[in-house]
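Visitor: File name run24.pdb; file contents PDB, C-alpha atoms and all ligand atoms; full text below.
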ATOM      1  CA  MET A 225      -5.746 -25.537  10.358  1.00  0.00           C
ATOM      2  CA  GLU A 226      -4.370 -22.421   8.722  1.00  0.00           C
ATOM      3  CA  ILE A 227      -4.561 -18.802   9.868  1.00  0.00           C
ATOM      4  CA  THR A 228      -4.202 -15.916   7.452  1.00  0.00           C
ATOM      5  CA  VAL A 229      -3.699 -12.323   8.554  1.00  0.00           C
ATOM      6  CA  THR A 230      -5.761 -10.481   5.978  1.00  0.00           C
ATOM      7  CA  ASP A 231      -4.827  -6.975   4.893  1.00  0.00           C
ATOM      8  CA  ASN A 232      -6.858  -4.401   6.845  1.00  0.00           C
ATOM      9  CA  GLY A 233      -9.160  -7.120   8.125  1.00  0.00           C
ATOM     10  CA  PRO A 234      -9.660 -10.181  10.284  1.00  0.00           C
ATOM     11  CA  LEU A 235      -7.696 -13.311  10.995  1.00  0.00           C
ATOM     12  CA  ARG A 236      -9.100 -15.901   8.622  1.00  0.00           C
ATOM     13  CA  VAL A 237      -8.998 -19.377  10.134  1.00  0.00           C
ATOM     14  CA  THR A 238      -9.577 -22.343   7.848  1.00  0.00           C
ATOM     15  CA  GLY A 239      -9.543 -26.008   8.620  1.00  0.00           C
ATOM     16  CA  PRO A 240     -11.742 -29.055   8.997  1.00  0.00           C
ATOM     17  CA  ASP A 241     -11.970 -29.043  12.797  1.00  0.00           C
ATOM     18  CA  ILE A 242     -11.876 -25.501  14.113  1.00  0.00           C
ATOM     19  CA  VAL A 243     -12.210 -25.384  17.891  1.00  0.00           C
ATOM     20  CA  LEU A 244     -12.463 -21.912  19.398  1.00  0.00           C
ATOM     21  CA  LYS A 245     -12.868 -21.520  23.149  1.00  0.00           C
ATOM     22  CA  ASP A 246     -13.331 -18.657  25.561  1.00  0.00           C
ATOM     23  CA  ALA A 247     -11.134 -18.094  28.614  1.00  0.00           C
ATOM     24  CA  THR A 248     -13.150 -20.588  30.656  1.00  0.00           C
ATOM     25  CA  GLY A 249     -12.806 -23.346  28.078  1.00  0.00           C
ATOM     26  CA  LYS A 250     -16.358 -23.120  26.756  1.00  0.00           C
ATOM     27  CA  ALA A 251     -16.452 -23.578  23.000  1.00  0.00           C
ATOM     28  CA  PHE A 252     -17.931 -21.135  20.535  1.00  0.00           C
ATOM     29  CA  PRO A 253     -20.270 -22.726  17.975  1.00  0.00           C
ATOM     30  CA  THR A 254     -17.818 -23.392  15.160  1.00  0.00           C
ATOM     31  CA  ALA A 255     -18.548 -27.088  14.635  1.00  0.00           C
ATOM     32  CA  GLY A 256     -18.924 -27.937  10.987  1.00  0.00           C
ATOM     33  CA  ARG A 257     -17.744 -24.563   9.765  1.00  0.00           C
ATOM     34  CA  PRO A 258     -14.885 -24.765   7.264  1.00  0.00           C
ATOM     35  CA  ALA A 259     -13.675 -21.257   8.124  1.00  0.00           C
ATOM     36  CA  VAL A 260     -14.160 -18.435  10.606  1.00  0.00           C
ATOM     37  CA  SER A 261     -12.955 -14.827  10.639  1.00  0.00           C
ATOM     38  CA  LEU A 262     -11.699 -13.448  13.925  1.00  0.00           C
ATOM     39  CA  CYS A 263     -11.742  -9.728  14.647  1.00  0.00           C
ATOM     40  CA  ARG A 264      -8.373  -8.042  15.077  1.00  0.00           C
ATOM     41  CA  CYS A 265      -9.539  -4.425  14.797  1.00  0.00           C
ATOM     42  CA  GLY A 266     -11.365  -4.496  18.142  1.00  0.00           C
ATOM     43  CA  ARG A 267     -14.566  -2.965  16.796  1.00  0.00           C
ATOM     44  CA  SER A 268     -16.723  -6.007  16.098  1.00  0.00           C
ATOM     45  CA  GLU A 269     -20.065  -6.191  17.923  1.00  0.00           C
ATOM     46  CA  ASN A 270     -19.801  -9.981  17.692  1.00  0.00           C
ATOM     47  CA  LYS A 271     -16.342 -10.684  19.151  1.00  0.00           C
ATOM     48  CA  PRO A 272     -14.385 -12.776  18.741  1.00  0.00           C
ATOM     49  CA  PHE A 273     -15.838 -12.953  15.248  1.00  0.00           C
ATOM     50  CA  CYS A 274     -15.447 -10.291  12.598  1.00  0.00           C
ATOM     51  CA  ASP A 275     -18.698  -8.534  11.685  1.00  0.00           C
ATOM     52  CA  GLY A 276     -17.306  -6.287   8.956  1.00  0.00           C
ATOM     53  CA  SER A 277     -16.832  -3.272  11.211  1.00  0.00           C
ATOM     54  CA  HIS A 278     -13.170  -3.052  10.176  1.00  0.00           C
ATOM     55  CA  ALA A 279     -14.232  -1.873   6.731  1.00  0.00           C
ATOM     56  CA  ARG A 280     -16.679   0.742   8.030  1.00  0.00           C
ATOM     57  CA  THR A 281     -14.154   2.154  10.494  1.00  0.00           C
ATOM     58  CA  GLY A 282     -11.179   2.275   8.144  1.00  0.00           C
ATOM     59  CA  PHE A 283      -9.026  -0.221  10.036  1.00  0.00           C
ATOM     60  CA  GLN A 284      -5.552  -0.268   8.481  1.00  0.00           C
ATOM     61  CA  SER A 285      -3.030  -3.025   9.156  1.00  0.00           C
ATOM     62  CA  LYS A 286      -0.916  -5.061   6.832  1.00  0.00           C
ATOM     63  CA  CYS A 287       1.310  -7.713   8.344  1.00  0.00           C
ATOM     64  CA  VAL A 288       4.072  -9.234   6.234  1.00  0.00           C
ATOM     65  CA  ALA A 289       5.872 -12.383   7.304  1.00  0.00           C
ATOM     66  CA  SER A 290       9.630 -12.068   7.323  1.00  0.00           C
TER      67      SER A 290
HETATM   68  S1  LIG A 301     -11.521  -7.288  11.911  1.00  0.00           S
HETATM   69 FE1  LIG A 301     -13.491  -7.254  11.093  1.00  0.00          FE
HETATM   70  S2  LIG A 301     -14.677  -6.303  12.618  1.00  0.00           S
HETATM   71 FE2  LIG A 301     -12.690  -6.339  13.452  1.00  0.00          FE
END
Go through the file and emit its structure as structure tokens.

Guide:
Amino acid sequence: MEITVTDNGPLRVTGPDIVLKDATGKAFPTAGRPAVSLCRCGRSENKPFCDGSHARTGFQSKCVAS
């Protein structure tokens, strides 16, 4: 699995077996998906997934690994 912090956008998770669970341990329906985008702007109406709201709201964040 690999996670990419996209510029001004979501966390892009790629991998063959993505398992994403809520705080109770119940899994979100990610089975069979090769990638998911997770909201990091806080404005998605479909959290924890990105719904594109970051672009409409002008979310700005660039993270550079050091
Ligand atoms: S990062 Fe895309 S809606 Fe939040």

Visitor: With a distance cut-off of 10 Å and only C-alpha atoms, select the neighbouring residues of stretch 239-247 of chain A, excluding the residue or stretch itself and same-chain residues fewer than 5 positions from it, and output the selection as a list in words.

Guide: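 Within the cut-off, the hits are Met225, Glu226, Ile227, Phe252, Pro253, Thr254, Ala255, Gly256, Arg257, Pro258, Ala259, Val260 and Pro272 of chain A.
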
Visitor: Looking at all atoms listed in the file, which of A:Cys263, A:Ala279, A:Val288, A:Val237 is the one that sits closest to ligand LIG 301 (chain A)?

Guide: A:Cys263

Visitor: Sort by chain and increasing residue number a table of all residues of chain A within 12 Å of ligand LIG 301 (chain A), each with its closest pair of atoms and their distance in Å to one decimal, counting only C-alpha atoms and all ligand atoms, and write it as a tab-separated table.

Guide:
residue	atom	partner	partner_atom	distance
A:Val229	CA	A:LIG301	S1	9.9
A:Thr230	CA	A:LIG301	S1	8.9
A:Asp231	CA	A:LIG301	S1	9.7
A:Asn232	CA	A:LIG301	S1	7.5
A:Gly233	CA	A:LIG301	S1	4.5
A:Pro234	CA	A:LIG301	S1	3.8
A:Leu235	CA	A:LIG301	S1	7.2
A:Arg236	CA	A:LIG301	S1	9.5
A:Val260	CA	A:LIG301	FE1	11.2
A:Ser261	CA	A:LIG301	FE1	7.6
A:Leu262	CA	A:LIG301	S1	6.5
A:Cys263	CA	A:LIG301	S1	3.7
A:Arg264	CA	A:LIG301	S1	4.5
A:Cys265	CA	A:LIG301	FE2	3.9
A:Gly266	CA	A:LIG301	FE2	5.2
A:Arg267	CA	A:LIG301	FE2	5.1
A:Ser268	CA	A:LIG301	S2	4.0
A:Glu269	CA	A:LIG301	S2	7.6
A:Asn270	CA	A:LIG301	S2	8.1
A:Lys271	CA	A:LIG301	S2	8.0
A:Pro272	CA	A:LIG301	FE2	8.5
A:Phe273	CA	A:LIG301	S2	7.2
A:Cys274	CA	A:LIG301	FE1	3.9
A:Asp275	CA	A:LIG301	S2	4.7
A:Gly276	CA	A:LIG301	FE1	4.5
A:Ser277	CA	A:LIG301	S2	4.0
A:His278	CA	A:LIG301	FE1	4.3
A:Ala279	CA	A:LIG301	FE1	7.0
A:Arg280	CA	A:LIG301	S2	8.6
A:Thr281	CA	A:LIG301	S2	8.7
A:Gly282	CA	A:LIG301	FE2	10.2
A:Phe283	CA	A:LIG301	S1	7.7
A:Gln284	CA	A:LIG301	S1	9.8
A:Ser285	CA	A:LIG301	S1	9.9
A:Lys286	CA	A:LIG301	S1	12.0

Visitor: With 3 Å on each side, where is the centre of the axis-aligned box around all listed atoms of stretch 235-252 of chain A, and how long are its edges in Å to one decimal, as AutoDock Vina command-line options?

Guide:
--center_x -12.8 --center_y -21.2 --center_z 19.3 --size_x 16.2 --size_y 21.7 --size_z 28.8

Visitor: With the input short on atoms, add N, CA, C and O atoms back to stretch 266-282 of chain A and write it as a PDB file, in the coordinates of the input.

Guide:
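Dumped everything to rebuild08.pdb:
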ATOM      1  N   GLY A 266     -10.794  -4.844  16.847  1.00  0.00           N
ATOM      2  CA  GLY A 266     -11.365  -4.496  18.142  1.00  0.00           C
ATOM      3  C   GLY A 266     -12.721  -3.827  18.084  1.00  0.00           C
ATOM      4  O   GLY A 266     -13.266  -3.437  19.118  1.00  0.00           O
ATOM      5  N   ARG A 267     -13.315  -3.707  16.926  1.00  0.00           N
ATOM      6  CA  ARG A 267     -14.566  -2.965  16.796  1.00  0.00           C
ATOM      7  C   ARG A 267     -15.790  -3.830  16.490  1.00  0.00           C
ATOM      8  O   ARG A 267     -16.892  -3.305  16.348  1.00  0.00           O
ATOM      9  N   SER A 268     -15.595  -5.121  16.385  1.00  0.00           N
ATOM     10  CA  SER A 268     -16.723  -6.007  16.098  1.00  0.00           C
ATOM     11  C   SER A 268     -17.724  -5.996  17.249  1.00  0.00           C
ATOM     12  O   SER A 268     -17.350  -5.959  18.418  1.00  0.00           O
ATOM     13  N   GLU A 269     -19.006  -6.058  16.913  1.00  0.00           N
ATOM     14  CA  GLU A 269     -20.065  -6.191  17.923  1.00  0.00           C
ATOM     15  C   GLU A 269     -20.334  -7.663  18.207  1.00  0.00           C
ATOM     16  O   GLU A 269     -21.233  -7.985  18.989  1.00  0.00           O
ATOM     17  N   ASN A 270     -19.600  -8.538  17.549  1.00  0.00           N
ATOM     18  CA  ASN A 270     -19.801  -9.981  17.692  1.00  0.00           C
ATOM     19  C   ASN A 270     -18.465 -10.681  17.960  1.00  0.00           C
ATOM     20  O   ASN A 270     -18.167 -11.710  17.382  1.00  0.00           O
ATOM     21  N   LYS A 271     -17.645 -10.088  18.838  1.00  0.00           N
ATOM     22  CA  LYS A 271     -16.342 -10.684  19.151  1.00  0.00           C
ATOM     23  C   LYS A 271     -16.524 -12.086  19.737  1.00  0.00           C
ATOM     24  O   LYS A 271     -17.499 -12.300  20.465  1.00  0.00           O
ATOM     25  N   PRO A 272     -15.656 -12.991  19.419  1.00  0.00           N
ATOM     26  CA  PRO A 272     -14.385 -12.776  18.741  1.00  0.00           C
ATOM     27  C   PRO A 272     -14.480 -12.786  17.216  1.00  0.00           C
ATOM     28  O   PRO A 272     -13.454 -12.720  16.544  1.00  0.00           O
ATOM     29  N   PHE A 273     -15.696 -12.862  16.692  1.00  0.00           N
ATOM     30  CA  PHE A 273     -15.838 -12.953  15.248  1.00  0.00           C
ATOM     31  C   PHE A 273     -15.841 -11.564  14.599  1.00  0.00           C
ATOM     32  O   PHE A 273     -16.275 -10.583  15.209  1.00  0.00           O
ATOM     33  N   CYS A 274     -15.400 -11.520  13.391  1.00  0.00           N
ATOM     34  CA  CYS A 274     -15.447 -10.291  12.598  1.00  0.00           C
ATOM     35  C   CYS A 274     -16.879 -10.076  12.116  1.00  0.00           C
ATOM     36  O   CYS A 274     -17.547 -11.019  11.695  1.00  0.00           O
ATOM     37  N   ASP A 275     -17.362  -8.850  12.199  1.00  0.00           N
ATOM     38  CA  ASP A 275     -18.698  -8.534  11.685  1.00  0.00           C
ATOM     39  C   ASP A 275     -18.641  -7.500  10.557  1.00  0.00           C
ATOM     40  O   ASP A 275     -19.679  -6.951  10.170  1.00  0.00           O
ATOM     41  N   GLY A 276     -17.453  -7.246  10.055  1.00  0.00           N
ATOM     42  CA  GLY A 276     -17.306  -6.287   8.956  1.00  0.00           C
ATOM     43  C   GLY A 276     -17.047  -4.868   9.405  1.00  0.00           C
ATOM     44  O   GLY A 276     -16.845  -3.987   8.567  1.00  0.00           O
ATOM     45  N   SER A 277     -17.047  -4.635  10.703  1.00  0.00           N
ATOM     46  CA  SER A 277     -16.832  -3.272  11.211  1.00  0.00           C
ATOM     47  C   SER A 277     -15.490  -2.698  10.794  1.00  0.00           C
ATOM     48  O   SER A 277     -15.344  -1.477  10.667  1.00  0.00           O
ATOM     49  N   HIS A 278     -14.502  -3.540  10.571  1.00  0.00           N
ATOM     50  CA  HIS A 278     -13.170  -3.052  10.176  1.00  0.00           C
ATOM     51  C   HIS A 278     -13.253  -2.205   8.904  1.00  0.00           C
ATOM     52  O   HIS A 278     -12.548  -1.210   8.774  1.00  0.00           O
ATOM     53  N   ALA A 279     -14.110  -2.606   7.994  1.00  0.00           N
ATOM     54  CA  ALA A 279     -14.232  -1.873   6.731  1.00  0.00           C
ATOM     55  C   ALA A 279     -14.913  -0.521   6.946  1.00  0.00           C
ATOM     56  O   ALA A 279     -14.501   0.490   6.384  1.00  0.00           O
ATOM     57  N   ARG A 280     -15.943  -0.504   7.776  1.00  0.00           N
ATOM     58  CA  ARG A 280     -16.679   0.742   8.030  1.00  0.00           C
ATOM     59  C   ARG A 280     -15.853   1.756   8.810  1.00  0.00           C
ATOM     60  O   ARG A 280     -16.062   2.961   8.691  1.00  0.00           O
ATOM     61  N   THR A 281     -14.926   1.260   9.631  1.00  0.00           N
ATOM     62  CA  THR A 281     -14.154   2.154  10.494  1.00  0.00           C
ATOM     63  C   THR A 281     -12.772   2.474   9.940  1.00  0.00           C
ATOM     64  O   THR A 281     -12.000   3.183  10.576  1.00  0.00           O
ATOM     65  N   GLY A 282     -12.447   1.939   8.778  1.00  0.00           N
ATOM     66  CA  GLY A 282     -11.179   2.275   8.144  1.00  0.00           C
ATOM     67  C   GLY A 282      -9.969   1.643   8.795  1.00  0.00           C
ATOM     68  O   GLY A 282      -8.871   2.209   8.743  1.00  0.00           O
TER      69      GLY A 282
END
